[in-house]
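Please read the structure below before turning to the comments.
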Amino acid sequence: MKKYIKKISLILLFLILPFKAFALIEIDITRGNLDPLPVAVSPLSIDDNSKINFEKILNTENIGSEISTIVENNLRASGIFNPLNKDAFLQAPDIAHLKPRFEDWNLIKAQALITGKITYDEGKLRVEFRLWDVLAGKEILALAFTTAPNNWRRVGHIISDKVYERLTGEKGYFDTRIIYVAEEGPKTQRIKKLAIMDQDGFNNKFLTLGNELVLTPRFNPTSQMVTYLSYFKNLPRVYLLDIATGTQEVVGDFPGMTFAPRFSPDGKKIIMSFAKDGQSDIYVMDLENRIVERITNHPSIDTSPSFSPDEKYVTFNSDRSGHQQIYVMDSDGNNVKRISFGDGLYGTPVWSPRGDLIAFTKLHQGSFYIGVMRPDGSGERLLTENFYQEAPSWSPNGRILIFYRETKTDQEGDGFSAKLWSIDLTGYNERLIETETDASDPSWSSLLSN
């Protein structure tokens, strides 16, 4: 498999004072934002010579407009920005990039303005962009990127992340990828393959052929490594896959049923549940020496473990109370505490990378919910309800959850589909993520540009 994370060199041109020092733009992303920030994303200007070169190389008429559209779509999808219609722009892109007429942008009620310029430089794509505070009449960020021309989509995602971070004070999540299980065929005979795509659904690639059943792929938080479960001759195996090189290896063959392998936050261990001798308990494997340590020992079903970001604690679900609930324990298995006490069954807990919340799936009165609660079980909030949905995974900034949702089926099994959806922590911004096939079991990568 060809390596396809390409290097982007980032040159900081200049950065004005920190955001909170003077900027008039303020965005509160901790609550439902019913009035998204009006932002103008001007098409990136390009000279005629560069346009000719990029048309030959990339077979696209205007790479500047393409990149600005990516930025627009990313910011709109976040739910906290409202990109304005370009038909209302009064200033040409090249002039706006040099010096905006802020009165023109005020006239269309833009509060922030993004401008840019593209040039062809010795076979490279060079992109400059600037972020302007329209209300204050000031430039607040300027950056330049140089990369291979066919890496232009990533440039759009990186610009989106820089704008998001500058205006919200938190890291973005746009220059990321999602691994998932691509599904095809009738529900009783599904072909399941590993697939990966950019977070906006583009650049989809299949990583396995579908000859073997694959389940629960999970990204390493520190690299482009994936762990997943696959069945070889009906024997469950846990695999490691290096996305960049295509190198794959078996972590281990287990003489029983293995469930939901997941990396530790430092990427050096895998935590999973393992059914053995009639019990399902939680185990941790050190990837360096392959030593496996059992951390629960209870005559119940313990599964779906997830480390806290500091690796001091583990959350998991168990039926040890008689019904499936969520628990938290020390990483060595001590001090087990139940944290879910609402009506219904709780499962698939996963700790936020921020450490402040645990996401979960809940089944109550025939409906499935995706929700969050604090690590002590307080503050439970249900974000979305549907016929069937599960497997939440966090964006790297801990603000968005991706999960999969199934439609109802008729008695013959026709009409079945599984799709990926995302929702933010406010519960207001829910959207479908388009995939080439049906999709399940998503996992979000860390930022590629870190």
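Residues are referred to by chain and number: the chain letter is A, B, ... according to the order shown in the structure tokens, the number counts from 1 in that chain, and ligands are numbered separately from 1 in the order shown.
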With only C-alpha atoms as the counted atoms, please give the residues lying no more than 12 Å from Leu240 (chain A), apart from itself and same-chain residues fewer than 4 positions off, as a JSON list (two decimals) with C-alpha atoms, in the first residue's frame.
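Result file is part_23.json:
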[["chain", "number", "residue", "atom", "x", "y", "z"],
["A", 217, "PRO", "CA", -11.13, -0.91, 14.15],
["A", 218, "ARG", "CA", -9.55, 1.62, 16.51],
["A", 219, "PHE", "CA", -6.91, 4.28, 15.84],
["A", 220, "ASN", "CA", -3.76, 4.63, 17.90],
["A", 223, "SER", "CA", 0.15, 7.50, 15.27],
["A", 224, "GLN", "CA", -1.53, 6.25, 12.10],
["A", 225, "MET", "CA", -1.64, 2.71, 13.48],
["A", 226, "VAL", "CA", -4.91, 0.76, 13.77],
["A", 227, "THR", "CA", -5.91, -2.26, 15.81],
["A", 228, "TYR", "CA", -8.89, -4.37, 14.82],
["A", 229, "LEU", "CA", -10.45, -7.79, 15.24],
["A", 230, "SER", "CA", -10.65, -10.25, 12.36],
["A", 245, "THR", "CA", 3.16, 1.56, 5.12],
["A", 246, "GLY", "CA", 0.44, -1.08, 4.84],
["A", 247, "THR", "CA", 2.37, -3.36, 7.21],
["A", 248, "GLN", "CA", 0.07, -5.72, 9.09],
["A", 249, "GLU", "CA", 0.81, -8.10, 11.94],
["A", 250, "VAL", "CA", -1.09, -10.39, 14.25],
["A", 251, "VAL", "CA", -1.00, -9.28, 17.87],
["A", 252, "GLY", "CA", -2.21, -12.67, 19.03],
["A", 261, "PRO", "CA", -9.38, -4.05, 21.24],
["A", 262, "ARG", "CA", -8.44, -0.43, 21.89],
["A", 263, "PHE", "CA", -5.12, 1.40, 22.31],
["A", 267, "GLY", "CA", -0.22, 3.89, 22.08],
["A", 268, "LYS", "CA", 1.98, 1.34, 23.84],
["A", 269, "LYS", "CA", -0.72, -1.06, 25.05],
["A", 270, "ILE", "CA", -3.94, -2.63, 23.85],
["A", 287, "LEU", "CA", 2.85, -4.19, 22.63]]
Extract, using only C-alpha atoms, all DNA, RNA and protein residues at most 8 Å from Ile46 (chain A), discarding same-chain residues fewer than 3 positions from it, and format them as a list in words.
->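 Here the qualifying residues turn out to be Ser50, Lys51, Gly64, Asp94, Lys117, Ile118 and Thr119 of chain A.
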Selection: 10 Å around Asp376 (chain A), only C-alpha atoms, excl. self and same-chain fewer than 4 positions, as number ranges by chain = A: 327-328, 337-340, 356-358
Filtered DSSP result for region 130-270 of chain A, state strand (DSSP E), as a ChimeraX atom specification | /A:130-133,138-147,177-184,191-198,205-206,214-219,225-232,235-242,248-253,257-263,269-270
Residues at most 10 Å from Ala96 (chain A), counting only C-alpha atoms, excluding those fewer than 5 positions away in the same chain, as a VMD selection string?
-> chain A and resid 42 to 45 90 to 91 101 to 102 105 113 to 116 130
Between CA of Ile433 (chain A) and CA of Phe145 (chain A), what is the spacing in Å?
->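 Taking CA of Phe145 (chain A) and CA of Ile433 (chain A), their separation equals 27.8 Å.
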Selection: 12 Å around Asp310 (chain A), only C-alpha atoms, excl. self and same-chain fewer than 5 positions, as a list in words =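 What passes the distance filter is Ser264, Pro265, Asp266, Asp330, Ser331, Trp351, Ser352, Pro353, Arg354, Gly355 and Asp356 of chain A.
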Near Asp133 (chain A), counting only C-alpha atoms, which residues have an atom at most 10 Å away, once you skip same-chain residues fewer than 5 positions from it, shown as a VMD selection string?
-> chain A and resid 23 to 25 39 102 110 to 114 138 to 141 167
Emit the selected residues as a compact mmCIF listing (two decimals), in the first residue's frame, including C-alpha atoms.
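Saved result, out-v4.txt, follows:
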# COMPACT_ATOMS: atom_id res chain seq x y z
CA ALA A 23 -10.20 40.31 19.39
CA LEU A 24 -13.84 41.27 19.28
CA ILE A 25 -14.88 37.87 17.97
CA VAL A 39 -17.66 34.24 8.24
CA PHE A 102 -13.64 46.23 5.96
CA ALA A 110 -19.28 39.18 8.06
CA GLN A 111 -17.49 39.14 11.41
CA ALA A 112 -14.47 37.15 10.23
CA LEU A 113 -12.85 37.05 6.79
CA ILE A 114 -10.54 34.42 5.31
CA LYS A 138 -7.35 43.82 12.01
CA GLU A 139 -5.47 40.83 10.68
CA ILE A 140 -5.24 38.18 13.40
CA LEU A 141 -3.50 35.28 11.67
CA LEU A 167 -11.48 31.80 16.89
Show which residues sit within 12 Å of Phe202 (chain A), as a VMD selection string. Count only C-alpha atoms, and ignore same-chain residues fewer than 6 positions away.
-> chain A and resid 70 153 to 154 157 174 to 178 195 to 196 433 to 436
Restricted to N, CA and C atoms, what would the selected residues look like written as a compact mmCIF listing (two decimals), in the first residue's frame?
# COMPACT_ATOMS: atom_id res chain seq x y z
N ILE A 70 -13.62 23.71 0.56
CA ILE A 70 -13.33 22.77 1.65
C ILE A 70 -13.40 23.49 2.99
N ARG A 153 -6.18 19.00 -0.85
CA ARG A 153 -7.33 18.86 0.07
C ARG A 153 -6.89 19.01 1.52
N ARG A 154 -5.73 18.46 1.85
CA ARG A 154 -5.25 18.58 3.23
C ARG A 154 -4.98 20.04 3.59
N HIS A 157 -8.07 21.46 4.86
CA HIS A 157 -8.38 21.02 6.22
C HIS A 157 -7.49 21.71 7.26
N PHE A 174 -10.31 18.92 11.72
CA PHE A 174 -10.61 18.73 10.30
C PHE A 174 -9.53 17.95 9.55
N ASP A 175 -8.28 18.13 9.92
CA ASP A 175 -7.20 17.39 9.26
C ASP A 175 -7.03 16.03 9.94
N THR A 176 -8.07 15.23 9.82
CA THR A 176 -8.12 13.92 10.46
C THR A 176 -8.74 12.92 9.50
N ARG A 177 -8.65 11.66 9.89
CA ARG A 177 -9.27 10.61 9.09
C ARG A 177 -10.12 9.71 9.99
N ILE A 178 -10.98 8.97 9.35
CA ILE A 178 -11.88 8.05 10.06
C ILE A 178 -11.72 6.67 9.45
N ALA A 195 -12.10 0.23 5.88
CA ALA A 195 -12.01 1.36 4.97
C ALA A 195 -11.57 2.59 5.75
N ILE A 196 -10.97 3.54 5.04
CA ILE A 196 -10.51 4.77 5.67
C ILE A 196 -10.83 5.93 4.75
N ILE A 433 -22.65 11.43 7.56
CA ILE A 433 -21.35 11.43 6.88
C ILE A 433 -21.44 10.45 5.73
N GLU A 434 -21.32 10.96 4.51
CA GLU A 434 -21.51 10.13 3.33
C GLU A 434 -20.38 9.11 3.17
N THR A 435 -20.73 7.88 2.84
CA THR A 435 -19.76 6.83 2.54
C THR A 435 -20.21 6.09 1.28
N GLU A 436 -19.25 5.46 0.60
CA GLU A 436 -19.55 4.76 -0.64
C GLU A 436 -20.44 3.55 -0.41
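Taking CA of Ile301 (chain A) as the reference point, CA of Ile326 (chain A) is found at 11.8 Å.
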May I ask for the distance between CA of Ser65 (chain A) and CA of Phe89 (chain A), given in Å to one decimal place?
->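 Result for CA of Ser65 (chain A) versus CA of Phe89 (chain A): 13.9 Å, one decimal.
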Run DSSP on the backbone and grab whatever in region 71-290 of chain A lands in alpha helix (DSSP H); send it over as a ChimeraX atom specification.
-> /A:71-77,93-98,102-107,152-168
Based on the selection just made, write N, CA and C atoms of those residues as an mmCIF file, in the first residue's frame.
data_model
loop_
_atom_site.group_PDB
_atom_site.id
_atom_site.type_symbol
_atom_site.label_atom_id
_atom_site.label_comp_id
_atom_site.auth_asym_id
_atom_site.auth_seq_id
_atom_site.Cartn_x
_atom_site.Cartn_y
_atom_site.Cartn_z
ATOM 1 N N VAL A 71 -12.783 24.665 3.053
ATOM 2 C CA VAL A 71 -12.808 25.439 4.297
ATOM 3 C C VAL A 71 -14.242 25.798 4.670
ATOM 4 N N GLU A 72 -15.011 26.265 3.702
ATOM 5 C CA GLU A 72 -16.424 26.584 3.942
ATOM 6 C C GLU A 72 -17.188 25.396 4.502
ATOM 7 N N ASN A 73 -17.054 24.254 3.834
ATOM 8 C CA ASN A 73 -17.808 23.072 4.237
ATOM 9 C C ASN A 73 -17.414 22.608 5.633
ATOM 10 N N ASN A 74 -16.117 22.658 5.944
ATOM 11 C CA ASN A 74 -15.665 22.261 7.281
ATOM 12 C C ASN A 74 -16.247 23.169 8.355
ATOM 13 N N LEU A 75 -16.142 24.468 8.139
ATOM 14 C CA LEU A 75 -16.619 25.418 9.138
ATOM 15 C C LEU A 75 -18.131 25.310 9.316
ATOM 16 N N ARG A 76 -18.857 25.127 8.224
ATOM 17 C CA ARG A 76 -20.309 24.966 8.308
ATOM 18 C C ARG A 76 -20.672 23.692 9.087
ATOM 19 N N ALA A 77 -19.950 22.610 8.807
ATOM 20 C CA ALA A 77 -20.250 21.331 9.450
ATOM 21 C C ALA A 77 -20.012 21.378 10.954
ATOM 22 N N PRO A 93 -10.983 38.684 -4.871
ATOM 23 C CA PRO A 93 -10.157 37.878 -3.962
ATOM 24 C C PRO A 93 -8.715 38.368 -3.833
ATOM 25 N N ASP A 94 -8.072 38.751 -4.950
ATOM 26 C CA ASP A 94 -6.667 39.150 -4.864
ATOM 27 C C ASP A 94 -6.505 40.470 -4.121
ATOM 28 N N ILE A 95 -7.437 41.394 -4.320
ATOM 29 C CA ILE A 95 -7.371 42.684 -3.615
ATOM 30 C C ILE A 95 -7.694 42.498 -2.126
ATOM 31 N N ALA A 96 -8.681 41.684 -1.849
ATOM 32 C CA ALA A 96 -9.056 41.440 -0.449
ATOM 33 C C ALA A 96 -7.905 40.826 0.328
ATOM 34 N N HIS A 97 -7.121 39.975 -0.331
ATOM 35 C CA HIS A 97 -6.007 39.330 0.362
ATOM 36 C C HIS A 97 -4.921 40.335 0.728
ATOM 37 N N LEU A 98 -4.737 41.347 -0.117
ATOM 38 C CA LEU A 98 -3.732 42.362 0.181
ATOM 39 C C LEU A 98 -4.202 43.330 1.266
ATOM 40 N N PHE A 102 -12.833 46.823 4.887
ATOM 41 C CA PHE A 102 -13.641 46.230 5.957
ATOM 42 C C PHE A 102 -15.085 46.714 5.929
ATOM 43 N N GLU A 103 -15.317 47.944 5.391
ATOM 44 C CA GLU A 103 -16.689 48.430 5.314
ATOM 45 C C GLU A 103 -17.528 47.562 4.364
ATOM 46 N N ASP A 104 -16.891 47.020 3.300
ATOM 47 C CA ASP A 104 -17.613 46.137 2.377
ATOM 48 C C ASP A 104 -18.002 44.827 3.056
ATOM 49 N N TRP A 105 -17.105 44.295 3.876
ATOM 50 C CA TRP A 105 -17.388 43.024 4.548
ATOM 51 C C TRP A 105 -18.346 43.229 5.721
ATOM 52 N N ASN A 106 -18.272 44.397 6.344
ATOM 53 C CA ASN A 106 -19.263 44.737 7.375
ATOM 54 C C ASN A 106 -20.662 44.827 6.783
ATOM 55 N N LEU A 107 -20.724 45.316 5.546
ATOM 56 C CA LEU A 107 -22.007 45.514 4.892
ATOM 57 C C LEU A 107 -22.768 44.206 4.731
ATOM 58 N N TRP A 152 -3.636 19.029 -2.058
ATOM 59 C CA TRP A 152 -4.353 20.286 -1.844
ATOM 60 C C TRP A 152 -5.533 20.154 -0.896
ATOM 61 N N ARG A 153 -6.182 18.999 -0.845
ATOM 62 C CA ARG A 153 -7.330 18.860 0.066
ATOM 63 C C ARG A 153 -6.891 19.012 1.524
ATOM 64 N N ARG A 154 -5.735 18.455 1.853
ATOM 65 C CA ARG A 154 -5.249 18.583 3.229
ATOM 66 C C ARG A 154 -4.976 20.036 3.594
ATOM 67 N N VAL A 155 -4.531 20.817 2.615
ATOM 68 C CA VAL A 155 -4.305 22.241 2.883
ATOM 69 C C VAL A 155 -5.608 22.890 3.340
ATOM 70 N N GLY A 156 -6.709 22.569 2.653
ATOM 71 C CA GLY A 156 -8.007 23.107 3.066
ATOM 72 C C GLY A 156 -8.369 22.708 4.488
ATOM 73 N N HIS A 157 -8.068 21.463 4.856
ATOM 74 C CA HIS A 157 -8.385 21.016 6.216
ATOM 75 C C HIS A 157 -7.495 21.710 7.255
ATOM 76 N N ILE A 158 -6.218 21.902 6.914
ATOM 77 C CA ILE A 158 -5.312 22.555 7.869
ATOM 78 C C ILE A 158 -5.708 24.015 8.075
ATOM 79 N N ILE A 159 -6.060 24.709 6.988
ATOM 80 C CA ILE A 159 -6.552 26.088 7.129
ATOM 81 C C ILE A 159 -7.781 26.109 8.046
ATOM 82 N N SER A 160 -8.692 25.175 7.836
ATOM 83 C CA SER A 160 -9.896 25.105 8.676
ATOM 84 C C SER A 160 -9.534 24.938 10.145
ATOM 85 N N ASP A 161 -8.560 24.058 10.423
ATOM 86 C CA ASP A 161 -8.137 23.843 11.809
ATOM 87 C C ASP A 161 -7.538 25.101 12.421
ATOM 88 N N LYS A 162 -6.719 25.813 11.646
ATOM 89 C CA LYS A 162 -6.080 27.028 12.172
ATOM 90 C C LYS A 162 -7.117 28.107 12.464
ATOM 91 N N VAL A 163 -8.100 28.245 11.587
ATOM 92 C CA VAL A 163 -9.171 29.223 11.812
ATOM 93 C C VAL A 163 -9.993 28.835 13.032
ATOM 94 N N TYR A 164 -10.364 27.568 13.107
ATOM 95 C CA TYR A 164 -11.154 27.079 14.241
ATOM 96 C C TYR A 164 -10.420 27.343 15.554
ATOM 97 N N GLU A 165 -9.134 27.027 15.591
ATOM 98 C CA GLU A 165 -8.365 27.207 16.819
ATOM 99 C C GLU A 165 -8.221 28.676 17.189
ATOM 100 N N ARG A 166 -7.999 29.509 16.185
ATOM 101 C CA ARG A 166 -7.800 30.943 16.465
ATOM 102 C C ARG A 166 -9.068 31.593 16.996
ATOM 103 N N LEU A 167 -10.231 31.148 16.514
ATOM 104 C CA LEU A 167 -11.482 31.804 16.888
ATOM 105 C C LEU A 167 -12.188 31.151 18.070
ATOM 106 N N THR A 168 -11.834 29.918 18.409
ATOM 107 C CA THR A 168 -12.485 29.246 19.544
ATOM 108 C C THR A 168 -11.545 29.018 20.711
#
For the contact check between region 339-431 of chain A and region 318-323 of chain A, emit one row per residue of region 339-431 of chain A within 9 Å, containing the shortest atom pair and the distance in Å rounded to one decimal, counting only C-alpha atoms, chain then rising number order, as a Markdown table.
| residue | atom | partner | partner_atom | distance |
| --- | --- | --- | --- | --- |
| A:Gly344 | CA | A:His323 | CA | 8.5 |
| A:Leu345 | CA | A:His323 | CA | 6.6 |
| A:Tyr346 | CA | A:His323 | CA | 8.6 |
| A:Gly347 | CA | A:Ser318 | CA | 8.1 |
Output of the above residues as a CSV table (one decimal), in the first residue's frame, restricted to N, CA and C atoms:
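File written: part16.csv
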chain,number,residue,atom,x,y,z
A,344,GLY,N,-32.6,1.8,32.0
A,344,GLY,CA,-32.1,1.2,30.7
A,344,GLY,C,-30.7,0.5,30.9
A,345,LEU,N,-30.2,0.1,29.7
A,345,LEU,CA,-28.9,-0.6,29.7
A,345,LEU,C,-27.9,0.3,29.0
A,346,TYR,N,-26.7,0.2,29.6
A,346,TYR,CA,-25.6,1.1,29.1
A,346,TYR,C,-24.5,0.3,28.6
A,347,GLY,N,-23.8,0.8,27.5
A,347,GLY,CA,-22.7,0.0,26.9
A,347,GLY,C,-21.8,0.9,26.1
